[in-house]
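Listing of model.txt, compact mmCIF, C-alpha atoms
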# COMPACT_ATOMS: atom_id res chain seq x y z
CA MET A 1 63.09 73.32 114.07
CA TRP A 2 62.79 73.09 110.27
CA VAL A 3 62.98 69.56 108.86
CA GLU A 4 63.46 68.74 105.18
CA ILE A 5 60.74 66.32 104.15
CA THR A 6 60.62 65.92 100.36
CA ALA A 7 61.14 67.41 96.93
CA LEU A 8 58.36 69.64 95.65
CA ASN A 9 57.75 67.40 92.62
CA GLN A 10 57.13 64.40 94.92
CA ILE A 11 53.90 65.99 96.16
CA PRO A 12 51.24 65.15 93.57
CA GLU A 13 49.43 68.16 92.10
CA SER A 14 45.93 68.54 93.64
CA ASP A 15 46.39 65.43 95.78
CA ILE A 16 48.13 64.48 99.02
CA LEU A 17 51.36 62.85 100.10
CA ARG A 18 51.63 61.17 103.51
CA VAL A 19 54.95 61.54 105.30
CA LYS A 20 56.21 60.78 108.79
CA VAL A 21 58.42 63.31 110.57
CA GLU A 22 59.73 62.59 114.06
CA GLU A 23 56.90 60.09 114.73
CA ILE A 24 54.25 62.56 113.51
CA SER A 25 52.13 61.45 110.55
CA LEU A 26 51.47 64.37 108.19
CA ILE A 27 49.73 64.98 104.89
CA LEU A 28 51.00 67.45 102.32
CA ASN A 29 48.91 69.02 99.57
CA ARG A 30 50.19 70.97 96.56
CA GLN A 31 48.32 73.38 94.33
CA GLY A 32 51.00 74.73 91.97
CA MET A 33 53.67 76.24 94.22
CA ASN A 34 51.32 76.47 97.21
CA VAL A 35 51.96 73.64 99.68
CA THR A 36 50.00 73.00 102.87
CA CYS A 37 50.77 70.53 105.65
CA TYR A 38 48.42 69.04 108.22
CA ARG A 39 48.53 66.38 110.91
CA ASN A 40 47.14 63.16 109.44
CA ALA A 41 44.18 63.05 111.83
CA CYS A 42 40.51 63.86 111.38
CA THR A 43 39.23 66.30 113.99
CA HIS A 44 36.18 64.09 114.57
CA LEU A 45 37.79 61.01 116.14
CA GLU A 46 41.49 61.47 115.30
CA TYR A 47 41.45 58.70 112.67
CA PRO A 48 43.99 59.08 109.83
CA ILE A 49 42.59 60.79 106.75
CA ASP A 50 45.33 59.99 104.23
CA MET A 51 43.25 57.20 102.64
CA GLY A 52 40.36 59.59 102.07
CA LYS A 53 39.14 60.72 98.68
CA VAL A 54 40.54 64.01 97.36
CA SER A 55 38.35 65.95 94.93
CA GLY A 56 38.08 69.65 94.13
CA GLY A 57 40.53 70.65 96.86
CA ILE A 58 38.61 68.77 99.55
CA ILE A 59 39.61 65.60 101.39
CA THR A 60 36.90 63.35 102.82
CA CYS A 61 37.68 61.24 105.88
CA PRO A 62 37.23 57.59 104.88
CA PHE A 63 35.71 56.67 108.24
CA HIS A 64 32.96 59.18 109.02
CA LYS A 65 32.92 61.37 105.89
CA TYR A 66 34.06 64.61 107.51
CA GLN A 67 35.34 66.94 104.78
CA TYR A 68 38.22 69.41 104.93
CA ARG A 69 39.44 72.13 102.57
CA LEU A 70 43.06 71.36 101.74
CA ASP A 71 43.96 75.03 101.21
CA SER A 72 42.90 76.05 104.73
CA GLY A 73 42.28 72.86 106.76
CA LYS A 74 38.75 74.09 107.59
CA CYS A 75 36.15 71.41 108.24
CA LEU A 76 33.00 71.69 106.12
CA ASN A 77 30.92 69.55 108.54
CA ALA A 78 31.93 71.40 111.72
CA PRO A 79 33.06 74.93 110.71
CA ALA A 80 34.63 75.61 114.11
CA ASP A 81 37.09 72.73 113.54
CA SER A 82 40.24 72.71 111.43
CA LEU A 83 42.99 70.21 110.73
CA GLU A 84 46.12 70.86 112.77
CA SER A 85 48.47 72.71 110.42
CA TYR A 86 52.25 72.94 110.26
CA PRO A 87 54.28 75.78 108.70
CA ILE A 88 55.94 74.98 105.37
CA LYS A 89 58.79 76.65 103.53
CA ILE A 90 60.19 75.88 100.10
CA GLU A 91 63.84 76.41 99.23
CA GLY A 92 64.60 75.65 95.61
CA ASP A 93 62.83 72.36 95.00
CA ARG A 94 63.03 71.19 98.64
CA VAL A 95 60.09 71.31 101.07
CA PHE A 96 60.61 71.85 104.80
CA VAL A 97 58.15 71.62 107.69
CA GLU A 98 58.51 73.30 111.07
CA ILE A 99 58.23 70.87 113.99
CA ASN A 100 58.35 72.20 117.55

This structure in structure tokens:
Amino acid sequence: MWVEITALNQIPESDILRVKVEEISLILNRQGMNVTCYRNACTHLEYPIDMGKVSGGIITCPFHKYQYRLDSGKCLNAPADSLESYPIKIEGDRVFVEIN
């Protein structure tokens, strides 16, 4: 099911926006017209990562310093791990996420 979550211009360029959709906390990242969406949980201990520092396309978990690429969700500390991603589609200036 596709759920409308925000306007494209509400997602800060090269930063994140935290949203809640059907009781799921998510983070959105925008690089130009490319938007990615991940569950707001570090793969290390499931702590929220939305308060982490974003720099150079990487978010650092504020609790244990795990780092993730925001374009792919890949963990730099544990390469086998990735943030849980959600499909995104953009229609006009509206952003939708697919929730199963």

query: Suppose you want the space between CA of Lys53 in chain A and CA of Asn34 in chain A; what is it in Å?
result: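 Taking CA of Lys53 in chain A as the start and CA of Asn34 in chain A as the end point, the length is 20.0 Å.
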
message: Calculated over only C-alpha atoms, which of the candidates A:Lys65, A:Arg30, A:Lys74, A:Lys20 has the smallest distance to Ile49 in chain A?
response: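 Smallest separation from Ile49 in chain A among the options: A:Lys65.
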
- prompt: Counting only C-alpha atoms, what is within 10 Å of Met51 in chain A, bar same-chain residues fewer than 4 positions away, as number ranges by chain?
  reply: A: 16, 18, 40, 59-63

message: Under the rule that all atoms listed in the file are counted, which of A:Leu17, A:Val3, A:Leu26, A:Met33 is the nearest residue to Asp93 in chain A?
response: A:Met33

field: Nearest residue to Val54 in chain A from the set A:Gln31, A:Asn100, A:Ser85, A:Ser14 (distances using all atoms listed in the file)
entry: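 Of A:Gln31, A:Asn100, A:Ser85, A:Ser14, the one nearest Val54 in chain A is A:Ser14, counting all atoms listed in the file.
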
Box in all listed atoms of range 54-73 of chain A, axis-aligned, with 5 Å more on each side; write out centre and edge lengths in Å to one decimal as AutoDock Vina command-line options.
--center_x 38.4 --center_y 66.4 --center_z 101.6 --size_x 21.0 --size_y 29.4 --size_z 24.9

- request: Provide the CA of Leu8 in chain A to CA of Cys42 in chain A distance in Å, to one decimal place.
  value: 24.5 Å

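Between Ala78 in chain A and the residues A:His44, A:Gly92, A:Ile58, A:Glu4, the shortest atom-to-atom distance, using all atoms listed in the file, involves A:His44.
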
- request: Would you list the residues near (35.1, 71.1, 111.5), meaning any protein, DNA or RNA residue with an atom at most 8 Å from that point in file coordinates, counting only C-alpha atoms, as a ChimeraX atom specification?
  value: /A:43-44,66-68,74-83

task: Compare A:Phe96, A:Cys37, A:Ile90, A:Tyr47 by their minimum atom-to-atom distance to Ser72 in chain A, counting all atoms listed in the file, and give me the closest one.
output: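 Once distances to Ser72 in chain A are computed over all atoms listed in the file, the minimum belongs to A:Cys37.
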
statement: Closest of A:Gln10, A:Leu28, A:Glu98, A:Gly73 to Tyr86 in chain A, counting all atoms listed in the file, is A:Glu98

task: Work out how far apart CA of Val19 in chain A and CA of Val95 in chain A are and give it in Å to one decimal.
output: 11.8 Å

- request: Find the residues near Ile99 in chain A: any atom within 9 Å, counting all atoms listed in the file, skip ones fewer than 4 places away on the same chain, and give them as a ChimeraX atom specification.
  value: /A:1-3,21-22,86-87
